[in-house]
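Student: Take this structure, written in structure tokens, and hold onto it; I'll ask about it next.
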Amino acid sequence: MNSVVGPILRMGDQIEEVIAAIRDDNPDQAIEIVDRGSYVRIQGHDRIRLTQDTLRGYLGADYEIRSFGTMMSSFVGRVVNNSDEIVWENIKRTAPEGVVAHD
């Protein structure tokens with residue numbers, strides 16, 4: 001999968017619910033799950049979105065998206081978060097890798 005983005009999560013009790021929430025928030029996207037035993041890589045192409053509302057549907061009405069950070073050990077792409085969603089986006093390069101881009 002080229003241009004993959006997404007979270008890398010520590011293995012825990014809520015992994016299946018988080019995967020389901022990410023799939024719900026990205027219905028037009030093929031989400032790939034890579035289970036490495038102690039962690040799970042959740043990845044899609046170019047952009048993945050996860051909303052607090054969807055997480056609350058799986059993890060309870062009082063779940064705060066800011067708590068998600070404790071599960072996430074790393075991520076691929078650029079992460080943009082606010083009070084009700086997290087988005088992982090592809091970092092588009094304007095110059096070949098290893099070359100400094102100048103504006």
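Identifiers in the structure tokens: chain A, B, ... in order shown; residue index from 1 per chain; ligand index from 1 in order shown.
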Tell me which protein, DNA and RNA residues are within 12 Å of range 48-60 of chain A, counting only C-alpha atoms, leaving out same-chain ones fewer than 3 positions away, and put them as a PDB file with C-alpha atoms, in the first residue's frame.

Tutor:
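Okay, this is what ended up in part15.pdb:
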ATOM      1  CA  SER A   3       1.195   6.462   0.975  1.00  0.00           C
ATOM      2  CA  VAL A   4      -0.013   4.597   4.047  1.00  0.00           C
ATOM      3  CA  VAL A   5      -1.044   6.529   7.133  1.00  0.00           C
ATOM      4  CA  GLY A   6      -2.523   5.611  10.479  1.00  0.00           C
ATOM      5  CA  PRO A   7      -1.965   4.877  14.146  1.00  0.00           C
ATOM      6  CA  ASP A  13      -8.554  -4.625  25.572  1.00  0.00           C
ATOM      7  CA  GLN A  14     -10.047  -1.935  23.307  1.00  0.00           C
ATOM      8  CA  ILE A  15      -8.197  -2.709  20.048  1.00  0.00           C
ATOM      9  CA  GLU A  16     -11.135  -4.420  18.323  1.00  0.00           C
ATOM     10  CA  GLU A  17     -13.457  -1.536  19.174  1.00  0.00           C
ATOM     11  CA  VAL A  18     -10.973   1.049  17.891  1.00  0.00           C
ATOM     12  CA  ILE A  19     -10.525  -0.894  14.633  1.00  0.00           C
ATOM     13  CA  ALA A  20     -14.307  -1.047  14.196  1.00  0.00           C
ATOM     14  CA  ALA A  21     -14.603   2.702  14.865  1.00  0.00           C
ATOM     15  CA  ILE A  22     -11.900   3.518  12.311  1.00  0.00           C
ATOM     16  CA  ARG A  23     -13.619   1.315   9.728  1.00  0.00           C
ATOM     17  CA  ASP A  24     -16.943   3.065  10.445  1.00  0.00           C
ATOM     18  CA  ASP A  25     -15.395   6.520  10.059  1.00  0.00           C
ATOM     19  CA  ASN A  26     -13.729   5.545   6.764  1.00  0.00           C
ATOM     20  CA  PRO A  27     -16.358   3.546   4.853  1.00  0.00           C
ATOM     21  CA  ASP A  28     -14.838   4.191   1.411  1.00  0.00           C
ATOM     22  CA  GLN A  29     -11.331   3.210   2.500  1.00  0.00           C
ATOM     23  CA  ALA A  30      -9.631  -0.179   2.657  1.00  0.00           C
ATOM     24  CA  ILE A  31      -8.259  -0.362   6.209  1.00  0.00           C
ATOM     25  CA  GLU A  32      -5.419  -2.825   6.724  1.00  0.00           C
ATOM     26  CA  ILE A  42      -3.896   0.314  11.498  1.00  0.00           C
ATOM     27  CA  GLN A  43      -3.336   1.792   8.080  1.00  0.00           C
ATOM     28  CA  GLY A  44      -5.101   3.200   5.072  1.00  0.00           C
ATOM     29  CA  HIS A  45      -4.209   5.162   1.987  1.00  0.00           C
ATOM     30  CA  TYR A  63     -15.028   8.350  26.313  1.00  0.00           C
ATOM     31  CA  GLU A  64     -12.858  11.374  25.512  1.00  0.00           C
ATOM     32  CA  ILE A  65     -10.828  11.310  22.318  1.00  0.00           C
ATOM     33  CA  ARG A  66      -7.866  12.816  24.159  1.00  0.00           C
ATOM     34  CA  SER A  67      -7.618   9.465  25.996  1.00  0.00           C
ATOM     35  CA  PHE A  68      -6.809   7.815  22.667  1.00  0.00           C
ATOM     36  CA  PHE A  75       1.786   6.814  13.872  1.00  0.00           C
ATOM     37  CA  VAL A  76       2.571   7.109  10.187  1.00  0.00           C
ATOM     38  CA  GLY A  77       1.875  10.373   8.370  1.00  0.00           C
ATOM     39  CA  ARG A  78       0.965  13.726   9.816  1.00  0.00           C
ATOM     40  CA  VAL A  79      -1.535  13.683  12.663  1.00  0.00           C
ATOM     41  CA  VAL A  80      -4.042  16.503  13.111  1.00  0.00           C
ATOM     42  CA  ASN A  81      -6.280  16.396  16.146  1.00  0.00           C
ATOM     43  CA  ASN A  82      -8.857  18.551  17.805  1.00  0.00           C
ATOM     44  CA  SER A  83     -11.492  18.092  20.479  1.00  0.00           C
ATOM     45  CA  ASP A  84     -13.687  15.748  18.424  1.00  0.00           C
ATOM     46  CA  GLU A  85     -11.508  13.958  15.847  1.00  0.00           C
ATOM     47  CA  ILE A  86      -8.063  12.717  14.891  1.00  0.00           C
ATOM     48  CA  VAL A  87      -6.928  12.646  11.270  1.00  0.00           C
ATOM     49  CA  TRP A  88      -3.813  10.935   9.911  1.00  0.00           C
ATOM     50  CA  GLU A  89      -2.764  12.386   6.545  1.00  0.00           C
ATOM     51  CA  ASN A  90      -0.145  11.625   3.946  1.00  0.00           C
TER      52      ASN A  90
END

Student: Where in range 24-70 of chain A does DSSP assign strand (DSSP E), given as a PDB file with N, CA, C and O atoms, in the first residue's frame?

Tutor:
ATOM      1  N   GLU A  32      -6.230  -1.628   6.527  1.00  0.00           N
ATOM      2  CA  GLU A  32      -5.419  -2.825   6.724  1.00  0.00           C
ATOM      3  C   GLU A  32      -4.960  -2.883   8.175  1.00  0.00           C
ATOM      4  O   GLU A  32      -4.539  -1.867   8.738  1.00  0.00           O
ATOM      5  N   ILE A  33      -5.022  -4.065   8.757  1.00  0.00           N
ATOM      6  CA  ILE A  33      -4.602  -4.280  10.138  1.00  0.00           C
ATOM      7  C   ILE A  33      -3.382  -5.196  10.120  1.00  0.00           C
ATOM      8  O   ILE A  33      -3.425  -6.281   9.539  1.00  0.00           O
ATOM      9  N   VAL A  34      -2.308  -4.741  10.733  1.00  0.00           N
ATOM     10  CA  VAL A  34      -1.085  -5.539  10.834  1.00  0.00           C
ATOM     11  C   VAL A  34      -0.844  -5.806  12.312  1.00  0.00           C
ATOM     12  O   VAL A  34      -0.506  -4.895  13.072  1.00  0.00           O
ATOM     13  N   ASP A  35      -1.064  -7.050  12.743  1.00  0.00           N
ATOM     14  CA  ASP A  35      -0.915  -7.443  14.143  1.00  0.00           C
ATOM     15  C   ASP A  35       0.513  -7.926  14.369  1.00  0.00           C
ATOM     16  O   ASP A  35       0.934  -8.922  13.784  1.00  0.00           O
ATOM     17  N   TYR A  39       1.886  -4.849  19.409  1.00  0.00           N
ATOM     18  CA  TYR A  39       1.256  -3.648  18.871  1.00  0.00           C
ATOM     19  C   TYR A  39       0.498  -3.981  17.590  1.00  0.00           C
ATOM     20  O   TYR A  39       0.709  -5.021  16.981  1.00  0.00           O
ATOM     21  N   VAL A  40      -0.389  -3.076  17.215  1.00  0.00           N
ATOM     22  CA  VAL A  40      -1.196  -3.236  16.009  1.00  0.00           C
ATOM     23  C   VAL A  40      -1.047  -1.972  15.174  1.00  0.00           C
ATOM     24  O   VAL A  40      -1.209  -0.861  15.683  1.00  0.00           O
ATOM     25  N   ARG A  41      -0.721  -2.171  13.917  1.00  0.00           N
ATOM     26  CA  ARG A  41      -0.651  -1.053  12.970  1.00  0.00           C
ATOM     27  C   ARG A  41      -1.979  -1.030  12.210  1.00  0.00           C
ATOM     28  O   ARG A  41      -2.383  -2.025  11.634  1.00  0.00           O
ATOM     29  N   ILE A  42      -2.645   0.122  12.236  1.00  0.00           N
ATOM     30  CA  ILE A  42      -3.896   0.314  11.498  1.00  0.00           C
ATOM     31  C   ILE A  42      -3.578   1.312  10.404  1.00  0.00           C
ATOM     32  O   ILE A  42      -3.151   2.429  10.682  1.00  0.00           O
ATOM     33  N   GLN A  43      -3.769   0.905   9.151  1.00  0.00           N
ATOM     34  CA  GLN A  43      -3.336   1.792   8.080  1.00  0.00           C
ATOM     35  C   GLN A  43      -4.314   1.819   6.916  1.00  0.00           C
ATOM     36  O   GLN A  43      -5.015   0.867   6.649  1.00  0.00           O
ATOM     37  N   GLY A  44      -4.310   2.976   6.269  1.00  0.00           N
ATOM     38  CA  GLY A  44      -5.101   3.200   5.072  1.00  0.00           C
ATOM     39  C   GLY A  44      -4.288   4.060   4.123  1.00  0.00           C
ATOM     40  O   GLY A  44      -3.144   4.419   4.408  1.00  0.00           O
ATOM     41  N   HIS A  45      -4.895   4.413   3.032  1.00  0.00           N
ATOM     42  CA  HIS A  45      -4.209   5.162   1.987  1.00  0.00           C
ATOM     43  C   HIS A  45      -4.517   6.651   2.091  1.00  0.00           C
ATOM     44  O   HIS A  45      -5.689   7.048   2.077  1.00  0.00           O
ATOM     45  N   ARG A  47      -5.361   9.141   3.888  1.00  0.00           N
ATOM     46  CA  ARG A  47      -6.063   9.853   4.965  1.00  0.00           C
ATOM     47  C   ARG A  47      -6.975   8.899   5.722  1.00  0.00           C
ATOM     48  O   ARG A  47      -7.766   8.179   5.122  1.00  0.00           O
ATOM     49  N   ILE A  48      -6.862   8.908   7.046  1.00  0.00           N
ATOM     50  CA  ILE A  48      -7.755   8.152   7.927  1.00  0.00           C
ATOM     51  C   ILE A  48      -8.290   9.113   8.970  1.00  0.00           C
ATOM     52  O   ILE A  48      -7.543   9.916   9.529  1.00  0.00           O
ATOM     53  N   ARG A  49      -9.553   9.005   9.249  1.00  0.00           N
ATOM     54  CA  ARG A  49     -10.223   9.869  10.223  1.00  0.00           C
ATOM     55  C   ARG A  49     -10.817   9.008  11.325  1.00  0.00           C
ATOM     56  O   ARG A  49     -11.347   7.932  11.065  1.00  0.00           O
ATOM     57  N   LEU A  50     -10.778   9.490  12.561  1.00  0.00           N
ATOM     58  CA  LEU A  50     -11.399   8.826  13.707  1.00  0.00           C
ATOM     59  C   LEU A  50     -12.091   9.894  14.548  1.00  0.00           C
ATOM     60  O   LEU A  50     -11.454  10.855  14.972  1.00  0.00           O
ATOM     61  N   THR A  51     -13.392   9.727  14.774  1.00  0.00           N
ATOM     62  CA  THR A  51     -14.146  10.737  15.512  1.00  0.00           C
ATOM     63  C   THR A  51     -14.470  10.271  16.931  1.00  0.00           C
ATOM     64  O   THR A  51     -14.596   9.081  17.206  1.00  0.00           O
TER      65      THR A  51
END

Student: From a DSSP calculation on the backbone, collect every residue of chain A in helix (DSSP H, G or I) and output the set as a list of chain:residue names.

Tutor: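 Matching residues for helix (DSSP H, G or I) in chain A are A:Ile15, A:Glu16, A:Glu17, A:Val18, A:Ile19, A:Ala20, A:Ala21, A:Ile22, A:Arg23, A:Asp24, A:Asp25, A:Gln52, A:Asp53, A:Thr54, A:Leu55, A:Arg56, A:Gly57, A:Tyr58, A:Leu59, A:Ile65, A:Arg66, A:Ser67, A:Phe68, A:Gly69, A:Thr70.
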
Student: Can I get the selection written as a PDB file, in the first residue's frame, with C-alpha atoms?

Tutor:
ATOM      1  CA  ILE A  15      -8.197  -2.709  20.048  1.00  0.00           C
ATOM      2  CA  GLU A  16     -11.135  -4.420  18.323  1.00  0.00           C
ATOM      3  CA  GLU A  17     -13.457  -1.536  19.174  1.00  0.00           C
ATOM      4  CA  VAL A  18     -10.973   1.049  17.891  1.00  0.00           C
ATOM      5  CA  ILE A  19     -10.525  -0.894  14.633  1.00  0.00           C
ATOM      6  CA  ALA A  20     -14.307  -1.047  14.196  1.00  0.00           C
ATOM      7  CA  ALA A  21     -14.603   2.702  14.865  1.00  0.00           C
ATOM      8  CA  ILE A  22     -11.900   3.518  12.311  1.00  0.00           C
ATOM      9  CA  ARG A  23     -13.619   1.315   9.728  1.00  0.00           C
ATOM     10  CA  ASP A  24     -16.943   3.065  10.445  1.00  0.00           C
ATOM     11  CA  ASP A  25     -15.395   6.520  10.059  1.00  0.00           C
ATOM     12  CA  GLN A  52     -14.999  10.972  19.171  1.00  0.00           C
ATOM     13  CA  ASP A  53     -18.669  10.213  18.428  1.00  0.00           C
ATOM     14  CA  THR A  54     -17.808   6.912  16.763  1.00  0.00           C
ATOM     15  CA  LEU A  55     -15.392   5.958  19.541  1.00  0.00           C
ATOM     16  CA  ARG A  56     -18.097   6.719  22.094  1.00  0.00           C
ATOM     17  CA  GLY A  57     -20.433   4.353  20.252  1.00  0.00           C
ATOM     18  CA  TYR A  58     -17.971   1.533  20.893  1.00  0.00           C
ATOM     19  CA  LEU A  59     -16.274   2.555  24.146  1.00  0.00           C
ATOM     20  CA  ILE A  65     -10.828  11.310  22.318  1.00  0.00           C
ATOM     21  CA  ARG A  66      -7.866  12.816  24.159  1.00  0.00           C
ATOM     22  CA  SER A  67      -7.618   9.465  25.996  1.00  0.00           C
ATOM     23  CA  PHE A  68      -6.809   7.815  22.667  1.00  0.00           C
ATOM     24  CA  GLY A  69      -3.266   9.162  22.889  1.00  0.00           C
ATOM     25  CA  THR A  70      -2.447   6.732  25.701  1.00  0.00           C
TER      26      THR A  70
END
